[in-house]
Every structure is written in structure tokens, then in C-alpha cells.
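So this one's upload10.tsv, TSV, C-alpha atoms:
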chain	number	residue	atom	x	y	z
A	164	MET	CA	26.74	22.89	-5.02
A	165	VAL	CA	24.33	20.36	-3.59
A	166	ASP	CA	20.82	21.65	-2.88
A	167	VAL	CA	18.96	21.15	0.35
A	168	ALA	CA	15.38	20.20	-0.45
A	169	PHE	CA	12.13	19.46	1.32
A	170	THR	CA	9.05	17.52	0.25
A	171	LEU	CA	5.84	19.51	-0.10
A	172	GLN	CA	2.83	17.42	0.88
A	173	ALA	CA	-0.60	18.18	-0.55
A	174	ASP	CA	-2.15	18.71	2.85
A	175	ARG	CA	-3.39	22.06	4.15
A	176	ALA	CA	-2.58	21.48	7.83
A	177	PHE	CA	0.95	20.26	7.00
A	178	LEU	CA	1.64	23.22	4.74
A	179	ASP	CA	0.23	25.74	7.21
A	180	LEU	CA	2.59	24.40	9.87
A	181	VAL	CA	5.85	23.97	7.99
A	182	VAL	CA	6.05	26.13	4.87
A	183	GLU	CA	6.82	29.46	6.51
A	184	GLY	CA	9.75	28.07	8.49
A	185	VAL	CA	11.11	25.65	5.91
A	186	THR	CA	11.04	27.85	2.81
A	187	PRO	CA	13.94	30.19	3.71
A	188	LEU	CA	16.07	27.19	4.73
A	189	VAL	CA	15.88	25.19	1.50
A	190	ASP	CA	17.03	25.62	-2.10
A	191	ARG	CA	14.49	23.35	-3.70
A	192	PHE	CA	11.13	21.67	-3.24
A	193	GLU	CA	10.26	18.13	-4.16
A	194	VAL	CA	6.67	17.44	-5.17
A	195	THR	CA	4.75	14.30	-6.03
A	196	PRO	CA	3.06	15.03	-9.35
A	197	GLU	CA	0.18	12.64	-8.68
A	198	THR	CA	-0.84	14.68	-5.61
A	199	LEU	CA	-1.29	17.70	-7.87
A	200	TRP	CA	-3.78	15.99	-10.18
A	201	THR	CA	-7.44	15.18	-10.25
A	202	VAL	CA	-9.62	13.74	-12.98
A	203	ASP	CA	-11.11	15.92	-15.68
A	204	ARG	CA	-14.89	15.63	-15.23
A	205	ASP	CA	-15.42	16.01	-18.96
A	206	ALA	CA	-12.63	13.60	-19.92
A	207	PRO	CA	-12.23	11.03	-17.12
A	208	ASP	CA	-9.20	9.44	-18.77
A	209	ARG	CA	-7.18	12.63	-18.34
A	210	PHE	CA	-5.57	14.11	-15.24
A	211	VAL	CA	-5.91	17.86	-14.68
A	212	PRO	CA	-4.44	20.14	-11.97
A	213	ASN	CA	-6.04	20.24	-8.52
A	214	GLY	CA	-5.81	23.14	-6.09
A	215	TYR	CA	-2.35	22.22	-4.80
A	216	PHE	CA	-0.89	22.54	-8.29
A	217	ALA	CA	-1.32	26.33	-8.26
A	218	ARG	CA	-0.41	26.65	-4.59
A	219	PHE	CA	2.94	24.86	-4.97
A	220	LEU	CA	3.72	26.64	-8.21
A	221	GLU	CA	3.07	30.02	-6.64
A	222	LEU	CA	5.20	29.11	-3.62
A	223	GLY	CA	8.13	28.17	-5.82
A	224	ARG	CA	7.83	31.23	-8.01
A	225	ALA	CA	7.42	33.64	-5.09
A	226	HIS	CA	10.56	32.37	-3.39
A	227	GLY	CA	12.70	31.43	-6.37
A	228	LYS	CA	12.78	27.71	-5.60
A	229	ARG	CA	13.41	25.01	-8.16
A	230	PHE	CA	11.45	21.76	-8.26
A	231	ALA	CA	12.16	18.06	-8.56
A	232	ALA	CA	9.39	15.54	-9.14
A	233	HIS	CA	9.07	12.32	-7.16
A	234	GLY	CA	6.24	10.18	-8.43
A	235	VAL	CA	4.33	7.37	-6.80
A	236	GLY	CA	2.24	5.95	-9.63
A	237	TRP	CA	4.49	5.15	-12.59
A	238	SER	CA	4.85	1.53	-11.46
A	239	PRO	CA	7.95	0.76	-13.54
A	240	GLY	CA	7.67	-3.00	-13.08
A	241	SER	CA	4.09	-3.42	-14.28
A	242	ALA	CA	3.94	-6.21	-16.84
A	243	ASP	CA	1.38	-4.33	-18.95
A	244	PRO	CA	2.20	-0.69	-18.25
A	245	ASP	CA	-0.11	0.72	-20.91
A	246	ARG	CA	-3.19	-1.21	-19.82
A	247	ASP	CA	-6.19	1.07	-20.47
A	248	GLY	CA	-3.85	3.79	-21.69
A	249	ARG	CA	-2.37	4.14	-18.22
A	250	ARG	CA	1.20	4.98	-19.19
A	251	ALA	CA	0.16	7.44	-21.89
A	252	ARG	CA	-2.04	9.13	-19.30
A	253	TRP	CA	0.92	9.48	-16.91
A	254	LEU	CA	3.23	10.79	-19.61
A	255	ASP	CA	0.66	13.36	-20.70
A	256	ALA	CA	-0.02	14.61	-17.16
A	257	THR	CA	3.69	14.65	-16.24
A	258	ALA	CA	4.54	16.61	-19.39
A	259	ARG	CA	1.88	19.21	-18.65
A	260	THR	CA	3.00	19.47	-15.01
A	261	HIS	CA	6.64	19.79	-16.05
A	262	ALA	CA	5.68	22.57	-18.48
A	263	GLU	CA	4.67	24.69	-15.47
A	264	PHE	CA	7.05	23.52	-12.74
A	265	GLY	CA	10.18	23.06	-14.86
A	266	PHE	CA	11.33	19.90	-13.09
A	267	ASP	CA	15.08	19.42	-13.15
A	268	TRP	CA	14.53	15.70	-12.80
A	269	TRP	CA	11.78	13.18	-12.18
A	270	THR	CA	12.03	9.99	-10.16
A	271	ASP	CA	9.74	7.20	-9.00
A	272	HIS	CA	10.15	4.03	-6.95
A	273	LEU	CA	11.74	0.81	-8.06
A	274	GLY	CA	9.13	-1.92	-8.01
A	275	VAL	CA	5.50	-2.26	-8.95
A	276	THR	CA	2.37	-0.63	-7.51
A	277	ASP	CA	-0.09	-1.41	-10.30
A	278	LEU	CA	-0.43	-5.19	-10.59
A	279	ASP	CA	-2.79	-6.62	-13.17
A	280	GLY	CA	-4.82	-3.40	-13.08
A	281	GLU	CA	-4.95	-3.34	-9.26
A	282	ASN	CA	-3.52	-0.21	-7.67
A	283	LEU	CA	-1.89	-1.48	-4.47
A	284	MET	CA	0.01	1.81	-3.89
A	285	LEU	CA	2.83	0.18	-1.90
A	286	PRO	CA	5.96	-0.37	-4.02
A	287	LEU	CA	6.42	-4.13	-4.20
A	288	ALA	CA	9.53	-6.03	-5.20
A	289	VAL	CA	9.89	-7.28	-8.76
A	290	PRO	CA	11.92	-10.29	-9.98
A	291	MET	CA	15.45	-9.03	-10.62
A	292	THR	CA	15.79	-10.60	-14.05
A	293	ASP	CA	17.44	-9.23	-17.19
A	294	ALA	CA	14.03	-9.03	-18.87
A	295	MET	CA	12.61	-6.94	-16.03
A	296	ALA	CA	15.63	-4.60	-16.02
A	297	ALA	CA	15.20	-4.00	-19.75
A	298	HIS	CA	11.47	-3.43	-19.29
A	299	VAL	CA	12.02	-0.85	-16.53
A	300	ARG	CA	14.73	0.83	-18.60
A	301	ASP	CA	12.42	1.18	-21.60
A	302	GLY	CA	9.77	2.80	-19.44
A	303	LEU	CA	12.28	5.31	-18.10
A	304	ARG	CA	13.31	6.16	-21.65
A	305	ALA	CA	9.69	7.00	-22.44
A	306	MET	CA	9.56	9.31	-19.42
A	307	ALA	CA	12.90	10.85	-20.43
A	308	GLY	CA	11.06	12.11	-23.48
A	309	VAL	CA	9.09	14.57	-21.35
A	310	VAL	CA	11.48	15.56	-18.53
A	311	PRO	CA	15.19	16.45	-18.61
A	312	ALA	CA	16.34	13.54	-16.45
A	313	VAL	CA	14.77	10.50	-14.85
A	314	GLY	CA	15.55	8.15	-12.01
A	315	LEU	CA	14.54	5.39	-9.66
A	316	GLU	CA	14.60	5.25	-5.89
A	317	ASN	CA	15.73	2.14	-4.04
A	318	SER	CA	12.40	1.31	-2.41
A	319	ALA	CA	11.58	-0.06	1.01
A	320	PHE	CA	10.53	-3.64	0.35
A	321	TYR	CA	9.17	-5.75	3.18
A	322	TYR	CA	9.97	-8.91	1.27
A	323	ALA	CA	12.51	-9.51	-1.49
A	324	LEU	CA	12.24	-11.71	-4.57
A	325	GLY	CA	15.94	-12.51	-4.63
A	326	ASP	CA	19.16	-11.65	-2.83
A	327	PRO	CA	18.92	-7.99	-1.70
A	328	LEU	CA	22.62	-7.64	-2.45
A	329	ASP	CA	21.79	-8.25	-6.12
A	330	GLU	CA	19.61	-5.14	-6.12
A	331	PRO	CA	22.43	-2.64	-6.82
A	332	ALA	CA	23.36	-4.49	-10.01
A	333	PHE	CA	19.71	-4.70	-11.00
A	334	LEU	CA	19.35	-0.95	-10.44
A	335	ALA	CA	22.49	-0.29	-12.47
A	336	ALA	CA	21.06	-2.34	-15.35
A	337	ALA	CA	17.69	-0.59	-15.17
A	338	LEU	CA	19.41	2.81	-15.09
A	339	ASP	CA	21.86	2.08	-17.89
A	340	GLY	CA	22.03	4.92	-20.38
A	341	PRO	CA	22.16	8.69	-20.36
A	342	ARG	CA	19.96	10.89	-18.18
A	343	ALA	CA	18.96	7.98	-15.95
A	344	HIS	CA	19.86	8.31	-12.28
A	345	LEU	CA	19.61	6.74	-8.86
A	346	LEU	CA	17.70	8.38	-6.04
A	347	LEU	CA	19.45	6.91	-3.02
A	348	ASP	CA	17.03	6.67	-0.11
A	349	LEU	CA	19.13	6.07	2.96
A	350	HIS	CA	16.22	5.34	5.27
A	351	ASN	CA	14.92	2.70	2.87
A	352	LEU	CA	18.37	1.17	2.81
A	353	VAL	CA	18.64	0.86	6.60
A	354	VAL	CA	15.03	-0.36	6.88
A	355	ASN	CA	15.65	-3.05	4.27
A	356	ALA	CA	18.99	-4.03	5.79
A	357	ASP	CA	17.37	-4.55	9.20
A	358	ASN	CA	14.20	-6.23	7.96
A	359	LEU	CA	15.73	-8.43	5.28
A	360	GLY	CA	18.99	-9.08	7.09
A	361	PHE	CA	21.80	-7.82	4.88
A	362	ASP	CA	24.80	-5.54	5.24
A	363	ALA	CA	24.01	-1.98	4.17
A	364	ASP	CA	27.72	-1.27	3.63
A	365	ALA	CA	27.95	-4.17	1.20
A	366	TRP	CA	24.87	-2.86	-0.64
A	367	LEU	CA	26.44	0.61	-0.93
A	368	ALA	CA	29.76	-0.86	-2.08
A	369	ARG	CA	27.92	-2.45	-5.03
A	370	ALA	CA	25.62	0.50	-5.80
A	371	PRO	CA	26.19	2.73	-8.87
A	372	LEU	CA	26.93	5.77	-6.72
A	373	GLU	CA	28.13	7.73	-9.75
A	374	LYS	CA	24.47	7.62	-10.85
A	375	VAL	CA	23.12	9.24	-7.68
A	376	ILE	CA	21.38	12.52	-8.44
A	377	GLU	CA	19.48	12.86	-5.16
A	378	ILE	CA	19.56	11.44	-1.65
A	379	HIS	CA	16.48	11.07	0.56
A	380	VAL	CA	16.62	11.13	4.34
A	381	SER	CA	13.69	10.46	6.65
A	382	GLY	CA	12.69	8.50	9.72
A	383	GLY	CA	10.13	5.85	10.51
A	384	ASP	CA	8.33	3.82	13.13
A	385	VAL	CA	8.26	0.06	13.72
A	386	SER	CA	5.26	-2.18	13.21
A	387	GLU	CA	3.04	-3.24	16.11
A	388	PRO	CA	3.74	-6.69	17.64
A	389	ALA	CA	0.07	-7.59	17.10
A	390	TRP	CA	0.41	-7.20	13.34
A	391	LEU	CA	2.35	-10.43	12.79
A	392	PRO	CA	1.47	-13.89	14.13
A	393	ASP	CA	4.78	-14.37	15.95
A	394	GLY	CA	4.80	-10.87	17.45
A	395	ARG	CA	7.83	-9.91	15.41
A	396	THR	CA	8.20	-6.24	14.54
A	397	LEU	CA	9.67	-4.77	11.38
A	398	ARG	CA	10.91	-1.28	10.63
A	399	LEU	CA	8.58	0.85	8.54
A	400	ASP	CA	9.32	3.43	5.88
A	401	SER	CA	6.65	5.66	7.38
A	402	HIS	CA	8.31	9.10	7.23
A	403	ASP	CA	6.69	9.96	10.54
A	404	ARG	CA	9.69	10.38	12.82
A	405	ALA	CA	12.89	12.36	13.05
A	406	VAL	CA	15.79	11.15	10.93
A	407	PRO	CA	17.64	8.49	12.99
A	408	GLU	CA	21.32	8.92	13.76
A	409	GLU	CA	22.19	5.90	11.62
A	410	VAL	CA	20.84	7.71	8.56
A	411	TRP	CA	22.74	10.91	9.43
A	412	ARG	CA	25.93	8.85	9.80
A	413	ARG	CA	25.40	7.14	6.46
A	414	LEU	CA	24.65	10.47	4.77
A	415	ALA	CA	27.96	11.94	5.96
A	416	GLU	CA	29.79	8.82	4.82
A	417	VAL	CA	28.20	8.37	1.39
A	418	ARG	CA	27.78	11.97	0.27
A	419	PRO	CA	31.46	12.36	-0.83
A	420	ARG	CA	31.13	9.15	-2.85
A	421	CYS	CA	28.34	10.58	-5.03
A	422	PRO	CA	30.11	12.89	-7.52
A	423	ASN	CA	26.96	13.81	-9.45
A	424	LEU	CA	24.72	14.48	-6.46
A	425	ARG	CA	22.46	17.52	-6.91
A	426	ALA	CA	20.17	17.51	-3.88
A	427	VAL	CA	19.57	15.97	-0.49
A	428	THR	CA	15.90	15.95	0.46
A	429	LEU	CA	14.23	15.65	3.85
A	430	GLU	CA	10.97	13.73	3.61
A	431	ARG	CA	8.16	13.98	6.13
A	432	MET	CA	4.65	12.59	5.80
A	433	GLU	CA	1.58	14.75	6.16
A	434	GLY	CA	-0.41	14.15	9.32
A	435	THR	CA	2.75	13.45	11.33
A	436	VAL	CA	3.77	17.01	12.19
A	437	GLY	CA	2.10	18.83	15.08
A	438	PRO	CA	2.93	22.31	16.39
A	439	ASP	CA	5.54	20.85	18.76
A	440	ASP	CA	7.28	19.06	15.88
A	441	VAL	CA	7.98	22.15	13.79
A	442	ALA	CA	11.06	23.40	15.65
A	443	PRO	CA	12.79	19.97	15.62
A	444	LEU	CA	11.91	19.62	11.93
A	445	LEU	CA	13.51	22.97	11.11
A	446	GLU	CA	16.55	21.90	13.12
A	447	GLU	CA	16.82	18.83	10.90
A	448	VAL	CA	16.78	21.03	7.78
A	449	ARG	CA	19.57	23.18	9.25
A	450	ARG	CA	21.57	20.06	10.10
A	451	LEU	CA	21.08	18.83	6.56
A	452	ARG	CA	22.65	22.01	5.22
A	453	GLU	CA	25.66	21.57	7.46
A	454	VAL	CA	26.14	17.98	6.34
A	455	VAL	CA	25.90	18.67	2.59
A	456	ALA	CA	27.93	21.90	2.64
B	270	MET	CA	10.17	-3.99	-24.51
B	271	THR	CA	7.30	-6.29	-23.74
B	272	LEU	CA	7.82	-8.76	-20.93
B	273	PRO	CA	7.13	-12.43	-21.56
B	274	ALA	CA	3.51	-13.38	-20.84
B	275	GLU	CA	4.53	-15.28	-17.70
B	276	TYR	CA	5.25	-11.98	-15.97
B	277	ALA	CA	1.60	-10.96	-16.27
B	278	ALA	CA	0.58	-14.25	-14.68
B	279	PHE	CA	3.19	-13.74	-11.96
B	280	GLU	CA	1.88	-10.24	-11.28
B	281	ARG	CA	-1.70	-11.51	-11.09
B	282	THR	CA	-0.61	-14.14	-8.59
B	283	VAL	CA	1.07	-11.58	-6.33
B	284	ALA	CA	-1.88	-9.18	-6.50
B	285	ARG	CA	-4.39	-11.89	-5.51
B	286	ALA	CA	-2.10	-13.22	-2.77
B	287	LEU	CA	-1.80	-9.81	-1.14
B	288	ARG	CA	-5.58	-9.65	-0.69
B	289	ALA	CA	-5.91	-13.28	0.41
B	290	ALA	CA	-6.79	-14.28	3.98
B	291	ASP	CA	-3.29	-15.76	4.36
B	292	PRO	CA	-1.02	-13.89	1.93
B	293	ALA	CA	2.14	-15.81	2.87
B	294	ALA	CA	0.43	-19.18	2.29
B	295	ALA	CA	-1.01	-17.94	-1.01
B	296	LEU	CA	2.45	-16.96	-2.30
B	297	ARG	CA	3.95	-20.20	-1.04
B	298	THR	CA	1.31	-22.17	-2.94
B	299	ALA	CA	1.97	-20.08	-6.04
B	300	SER	CA	5.65	-20.94	-5.88
B	301	ASP	CA	4.65	-24.52	-6.75
B	302	ASP	CA	2.62	-23.42	-9.78
B	303	ALA	CA	4.13	-25.34	-12.67
B	304	THR	CA	2.72	-22.87	-15.21
B	305	LEU	CA	5.21	-20.26	-13.95
B	306	PRO	CA	8.80	-20.48	-15.19
B	307	ASP	CA	11.46	-21.71	-12.80
B	308	ASP	CA	13.10	-18.31	-12.21
B	309	LEU	CA	9.81	-16.67	-11.21
B	310	ARG	CA	8.87	-19.58	-8.94
B	311	ALA	CA	12.30	-19.34	-7.34
B	312	ALA	CA	11.71	-15.61	-6.82
B	313	LEU	CA	8.44	-16.34	-4.99
B	314	ARG	CA	10.20	-18.83	-2.73
B	315	ARG	CA	12.57	-16.05	-1.61
B	316	ALA	CA	9.72	-13.93	-0.22
B	317	ALA	CA	9.89	-13.92	3.60
B	318	PRO	CA	6.46	-14.81	5.06
B	319	ASP	CA	6.44	-12.04	7.68
B	320	GLY	CA	7.39	-9.47	5.05
B	321	VAL	CA	4.58	-10.66	2.79
B	322	ARG	CA	2.10	-10.43	5.68
B	323	LEU	CA	3.27	-6.94	6.58
B	324	ALA	CA	3.12	-5.78	2.95
B	325	ALA	CA	-0.46	-7.08	2.71
B	326	LEU	CA	-1.41	-5.18	5.87
B	327	LEU	CA	0.14	-1.98	4.53
B	328	VAL	CA	-1.66	-2.39	1.20
B	329	ALA	CA	-4.97	-2.63	3.11
B	330	ARG	CA	-4.07	0.32	5.31
B	331	LEU	CA	-3.17	2.51	2.34
B	332	ARG	CA	-6.48	1.62	0.74
B	333	PHE	CA	-8.35	2.41	3.94
B	334	GLU	CA	-6.66	5.81	4.13
B	335	ARG	CA	-7.49	6.47	0.49
B	336	LEU	CA	-11.15	5.70	1.23
B	337	MET	CA	-11.17	7.98	4.27
B	338	ARG	CA	-9.76	10.82	2.17
B	339	GLY	CA	-12.29	10.26	-0.57
B	340	SER	CA	-15.51	9.70	1.35
B	341	ASP	CA	-16.89	11.80	4.19
B	342	ARG	CA	-19.72	9.27	4.48
B	343	ALA	CA	-17.33	6.38	5.01
B	344	ALA	CA	-15.33	8.45	7.51
B	345	ALA	CA	-18.53	9.24	9.43
B	346	ARG	CA	-19.49	5.56	9.49
B	347	PHE	CA	-16.04	4.68	10.84
B	348	GLU	CA	-16.39	7.40	13.47
B	349	ARG	CA	-19.75	6.02	14.62
B	350	ASP	CA	-18.76	2.34	14.72
B	351	PRO	CA	-15.00	1.72	14.31
B	352	ARG	CA	-15.10	-2.04	14.85
B	353	GLY	CA	-18.13	-2.65	12.66
B	354	PHE	CA	-16.74	-0.48	9.92
B	355	ALA	CA	-13.34	-2.20	10.09
B	356	ASP	CA	-15.07	-5.56	9.60
B	357	ALA	CA	-16.99	-4.17	6.63
B	358	PHE	CA	-13.81	-2.74	5.14
B	359	ARG	CA	-12.05	-6.10	5.46
B	360	ARG	CA	-14.84	-7.74	3.46
B	361	TYR	CA	-14.77	-4.94	0.90
B	362	HIS	CA	-11.00	-5.21	0.47
B	363	ALA	CA	-11.23	-8.97	-0.05
B	364	GLU	CA	-14.18	-8.81	-2.45
B	365	VAL	CA	-13.49	-5.71	-4.57
B	366	ALA	CA	-10.29	-5.32	-6.57
B	367	PRO	CA	-8.49	-2.05	-5.79
B	368	THR	CA	-8.70	-0.52	-9.23
B	369	ALA	CA	-9.09	3.11	-8.08
B	370	PHE	CA	-6.22	5.57	-8.13
B	371	LEU	CA	-7.87	8.70	-6.76
B	372	PRO	CA	-9.63	8.80	-3.37
B	373	ARG	CA	-12.95	9.79	-4.89
B	374	ASP	CA	-12.86	6.77	-7.19
B	375	GLU	CA	-12.20	4.52	-4.19
B	376	ALA	CA	-15.19	6.17	-2.52
B	377	GLY	CA	-17.32	5.33	-5.56
B	378	LEU	CA	-16.25	1.68	-5.49
B	379	PHE	CA	-16.94	1.46	-1.78
B	380	GLU	CA	-20.40	3.06	-1.97
B	381	GLU	CA	-21.37	0.68	-4.74
B	382	TRP	CA	-20.21	-2.29	-2.64
B	383	TRP	CA	-21.92	-0.94	0.50
B	384	SER	CA	-25.24	-0.56	-1.33
B	385	GLU	CA	-25.01	-4.14	-2.54
B	386	ALA	CA	-23.97	-5.40	0.89
B	387	GLU	CA	-26.92	-3.69	2.57
B	388	ARG	CA	-29.49	-5.36	0.33

Represent the structure contained in this file as C-alpha cells.
Amino acid sequence: MVDVAFTLQADRAFLDLVVEGVTPLVDRFEVTPETLWTVDRDAPDRFVPNGYFARFLELGRAHGKRFAAHGVGWSPGSADPDRDGRRARWLDATARTHAEFGFDWWTDHLGVTDLDGENLMLPLAVPMTDAMAAHVRDGLRAMAGVVPAVGLENSAFYYALGDPLDEPAFLAAALDGPRAHLLLDLHNLVVNADNLGFDADAWLARAPLEKVIEIHVSGGDVSEPAWLPDGRTLRLDSHDRAVPEEVWRRLAEVRPRCPNLRAVTLERMEGTVGPDDVAPLLEEVRRLREVVA
Amino acid sequence: MTLPAEYAAFERTVARALRAADPAAALRTASDDATLPDDLRAALRRAAPDGVRLAALLVARLRFERLMRGSDRAAARFERDPRGFADAFRRYHAEVAPTAFLPRDEAGLFEEWWSEAER
């Protein structure tokens, strides 16, 4: 059975609007561990739970939902991942979060967000070299020491540092080994294919689909013409719109090709759901169940 | 596994470029840097200029949102004078490295910069 899942955002207004309707429709919640942490005032180098930690935990326990973790701060491509004890800090906080939530798997984004000690937050492309693949793989092995399974998502990159059609092989190399999986984000794939100009079918044909543990679906806006000097617009991975039909079509097509798939997750960003958006959002969750059944 | 030292230099180059006034030009210049190995310079040459510009804008926007979440004072200043505050934020983003992870740490960095800027 493949679970239907939904992302819980650490935002009171978002939760107040969507949780009641979404909870009975899903099997699983996905949470971003970093949004459940704050800094320990007495030990600033240590993350401790914030208020959403208990709220999400209680929600899961009350309704019998399982959890998957989807991080945003691991930064697998950082050249010096343990600068200032950063990686040890993440491992410690993830282990303590997993002890309560019982994550079935943990994933983060391919790329780098922490560059030379600067936290840029946006996943940025890394050189797709053998050395980088081995480096990313070693980091995942460290994380696999604290959670049952690990994985990487194919990120939305607004520029590439090589041929985008080499990315599937790079991902396969980075995910080589047991308990390492691919989180296939279909919206990121179509965004990248449009923005970077490649064939999404060719990308999928090369991807290690036997490694897919989870699929993400979401929607997004396009950039404003004023943002770029030539007025060009690019698609954004903004999670602020309904899932486009192209993503639904790709989900139906690729789902049977992923023999180890365990969940399909609908992502939606906080601050992008108003009262009028709730009913269409719940309709998307119902449609998701029909597609993955 | 530890990456070769050139990767740290490469990473530093990308980080600085994404906060530069012209990020695409900064990366293009870096692709001629003879201290970087050929494969990393070739990787930089593959970066599409519009994509680099958009990524730089999104990095700034994410930082702005992090500041708004972490500082009621900064949010109030933005509310009072959106254009003036946006100009101030641009200077802050260019001058202060984004080392914060949590919103309240970003707020601390910004308040420190603001105090200095007001002197």
C-alpha cells in the first residue's frame, strides 16, 4: 500500500485552516524537523523543541498517523559540512526528534544551502563530479545512523552546473548503498525541464526509479517579468498553487514504475491557503488517493 | 570523505557571487579563475545567467522573510516605509553575510547592522 501524505507547516493560521479537513483523508504526515526546533538558551549550540514539536506529535498520536521527515538544512553538498560542529548539531537534533516522532524515513534536498558558513536557504546546484557524489553519500551514511532510511529529493535548481540529464546518474551515485532512497519531486522536475530546457521524459528514463521511496506533488507560480533584465519569466517551485495537470499526468505515469514507493505527499506552503482554498485543497488530497490506489 | 580544497574555494565563490550586485557577471568572472580546477570552472560556465539572477533574488527574498519572521521591529519599520526599508535591506544583505539559521538570529544580525548604520 502506498500512503497518501500531507506536509504540516509550522504556522498557526495554516494549521487552523487545513488540519481538521486534511487529517481524516491522509495516512501520514510529513514534517520538516528544522521547523520544530529552536535554540537552547543555556546551550546555544544545541537545538531544542519549539511549540510545534509537541503540537505535531500530539496530532499524529491522536489520529494514529505515521511521520516522515523532510529536512531543509542538512546541505549535503557543503564542502565543510562540520564547520562549527554544524553536522553534529543536526545529527543530534534529528536523533532526538526521531526518538519522539518515529520517522520511517528522512530526506533532504540535493544541493547545497550552507556555503562557506553562509546559510542561503535555497538549494543550489553542486558540481556533478564523482568526488561530490561520494561526499554526499558519506553524509547520508552518517544520517542513516540515526534514522531507519534516508534520501535525497531532486531539487528545483534555477541554474545547473552541468547537463541536467546527467543528474539522474549523479543521484544514483549519491544514493548508492542500502537504505538510501530517492524522493522524486514531480513539480521540481517539470519546473527544471521548462526552465533549463530538457526533456522530463528523458530525465525519468535515466532516473533510479527503483530507489524512489516517496513522491512529492505541488504547484507553483512564475516569476515576475520585472525580476530579470530581459523580462523573461521562469517557473518557481513556490508550493503556492494547485497541482498542475502536467504533474498529475506524470504522477499517474510514473507511479507504476516505482516498485518501492511508500508515500505520495501533497506539499503546500504556509501563507498561501485562505479560507476559499481549503475545499480545493481537500479535493486535491482526495484525487491523490484515487491516483495512488 | 573530505572534498578537495578547491571545492571550498568554489563554494566561497558561489556564495559571494549570489550576493553581488551582478551575480551572473560575478560567476562568469569566476569561471576564468585559474586557481579553480578545470572541471569546476567548466561547471560555472554552464550556469545560465538568468537562472543565477533569479536564484540570487530568491536567496534575498528568503532572507527577507526570515528577518520578518524574527523581528517585529523590522516588520514594523517595513510597514511604515516599505521603499526605504527595502533599500536598507538591500544594503544589509550585501554587507552582512547570512550566517543565521533561525529567524531570531537573523533579527540579531540585522539590529546590530541597523545600529551601526544609524550612527

Would you kindly report the residues of chain A within 7 Å of chain B, using all atoms listed in the file, as a PyMOL selection string? chain A and resi 242+278-285+290+294+297-298+301+321-325+391

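Near (-10.5, 2.5, 4.8), the residues that fall inside 9 Å on the basis of all atoms listed in the file are Ala329, Arg330, Leu331, Arg332, Phe333, Glu334, Arg335, Leu336, Met337, Arg338, Ala343, Ala344, Phe347, Phe354, Ala355, Phe358, Arg359 and His362 of chain B.
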
Axis-aligned box over every listed atom of segment 441-454 of chain A, padded by 3 Å per side: centre and edges in Å to one decimal, as AutoDock Vina command-line options?
--center_x 17.1 --center_y 20.7 --center_z 10.4 --size_x 24.2 --size_y 11.4 --size_z 16.4

Compare A:Ala365, A:Asp205, A:Gly340, A:Leu222 by their minimum atom-to-atom distance to Glu183 of chain A, counting all atoms listed in the file, and give me the closest one.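 Looking only at the distances to Glu183 of chain A, the closest residue turns out to be A:Leu222.
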
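For the pair atom CA of Asn423 of chain A and atom CA of His402 of chain A, the interatomic distance is 25.5 Å.
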
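Across A:Val354, A:Ile376, A:Leu445, A:Val454, the tightest approach to Val182 of chain A is made by A:Leu445 when counting only C-alpha atoms.
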
Mind giving me the straight-line distance from atom CA of Val194 of chain A to atom CA of Gly314 of chain A in Å, one decimal?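 Atom CA of Gly314 of chain A lies 14.6 Å from atom CA of Val194 of chain A.
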
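For the set A:Asp271, A:Asp247, A:Asp329, A:Asp393, the residue with the smallest atom-to-atom gap to Asp348 of chain A is A:Asp271, counting only C-alpha atoms.
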
In the coordinates of the file, take the point (9.9, 20.7, -16.9) and a cut-off of 10 Å; then, counting all atoms listed in the file, name each qualifying protein, DNA or RNA residue as an MDAnalysis selection string. chainID A and resid 230:232 257:269 309:312

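Rounded to one decimal, atom CA of Asp403 of chain A and atom CA of Ala217 of chain A lie 26.2 Å from each other.
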
Please provide as JSON, numbers by chain all residues within 8 Å of Tyr361 of chain B, with the sequence filter that same-chain residues fewer than 4 positions apart are discarded (counting all atoms listed in the file). {"B": [357, 365, 379, 382]}

Please supply segment 275-286 of chain B, rebuilt with N, CA, C and O atoms, as an mmCIF file, keeping the file's coordinate frame.
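Okay, result_5.cif is ready:
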data_model
loop_
_atom_site.group_PDB
_atom_site.id
_atom_site.type_symbol
_atom_site.label_atom_id
_atom_site.label_comp_id
_atom_site.auth_asym_id
_atom_site.auth_seq_id
_atom_site.Cartn_x
_atom_site.Cartn_y
_atom_site.Cartn_z
ATOM 1 N N GLU B 275 4.522 -14.716 -19.051
ATOM 2 C CA GLU B 275 4.530 -15.280 -17.700
ATOM 3 C C GLU B 275 4.582 -14.193 -16.621
ATOM 4 O O GLU B 275 4.132 -14.403 -15.491
ATOM 5 N N TYR B 276 5.152 -13.045 -16.964
ATOM 6 C CA TYR B 276 5.250 -11.980 -15.970
ATOM 7 C C TYR B 276 3.866 -11.437 -15.607
ATOM 8 O O TYR B 276 3.622 -11.029 -14.466
ATOM 9 N N ALA B 277 2.962 -11.406 -16.572
ATOM 10 C CA ALA B 277 1.600 -10.960 -16.270
ATOM 11 C C ALA B 277 0.922 -11.941 -15.319
ATOM 12 O O ALA B 277 0.226 -11.542 -14.372
ATOM 13 N N ALA B 278 1.154 -13.229 -15.562
ATOM 14 C CA ALA B 278 0.580 -14.250 -14.680
ATOM 15 C C ALA B 278 1.188 -14.144 -13.279
ATOM 16 O O ALA B 278 0.494 -14.264 -12.262
ATOM 17 N N PHE B 279 2.484 -13.908 -13.237
ATOM 18 C CA PHE B 279 3.190 -13.740 -11.960
ATOM 19 C C PHE B 279 2.597 -12.558 -11.183
ATOM 20 O O PHE B 279 2.302 -12.657 -9.987
ATOM 21 N N GLU B 280 2.406 -11.459 -11.893
ATOM 22 C CA GLU B 280 1.880 -10.240 -11.280
ATOM 23 C C GLU B 280 0.461 -10.481 -10.731
ATOM 24 O O GLU B 280 0.124 -10.035 -9.624
ATOM 25 N N ARG B 281 -0.334 -11.193 -11.510
ATOM 26 C CA ARG B 281 -1.700 -11.510 -11.090
ATOM 27 C C ARG B 281 -1.670 -12.346 -9.800
ATOM 28 O O ARG B 281 -2.429 -12.100 -8.864
ATOM 29 N N THR B 282 -0.748 -13.273 -9.760
ATOM 30 C CA THR B 282 -0.610 -14.140 -8.590
ATOM 31 C C THR B 282 -0.275 -13.323 -7.341
ATOM 32 O O THR B 282 -0.865 -13.513 -6.272
ATOM 33 N N VAL B 283 0.669 -12.395 -7.483
ATOM 34 C CA VAL B 283 1.070 -11.580 -6.330
ATOM 35 C C VAL B 283 -0.082 -10.687 -5.881
ATOM 36 O O VAL B 283 -0.367 -10.560 -4.675
ATOM 37 N N ALA B 284 -0.776 -10.078 -6.850
ATOM 38 C CA ALA B 284 -1.880 -9.180 -6.500
ATOM 39 C C ALA B 284 -2.963 -9.933 -5.724
ATOM 40 O O ALA B 284 -3.456 -9.452 -4.697
ATOM 41 N N ARG B 285 -3.340 -11.117 -6.202
ATOM 42 C CA ARG B 285 -4.390 -11.890 -5.510
ATOM 43 C C ARG B 285 -3.894 -12.338 -4.125
ATOM 44 O O ARG B 285 -4.645 -12.307 -3.159
ATOM 45 N N ALA B 286 -2.639 -12.742 -4.047
ATOM 46 C CA ALA B 286 -2.100 -13.220 -2.770
ATOM 47 C C ALA B 286 -2.144 -12.119 -1.710
ATOM 48 O O ALA B 286 -2.460 -12.382 -0.547
#
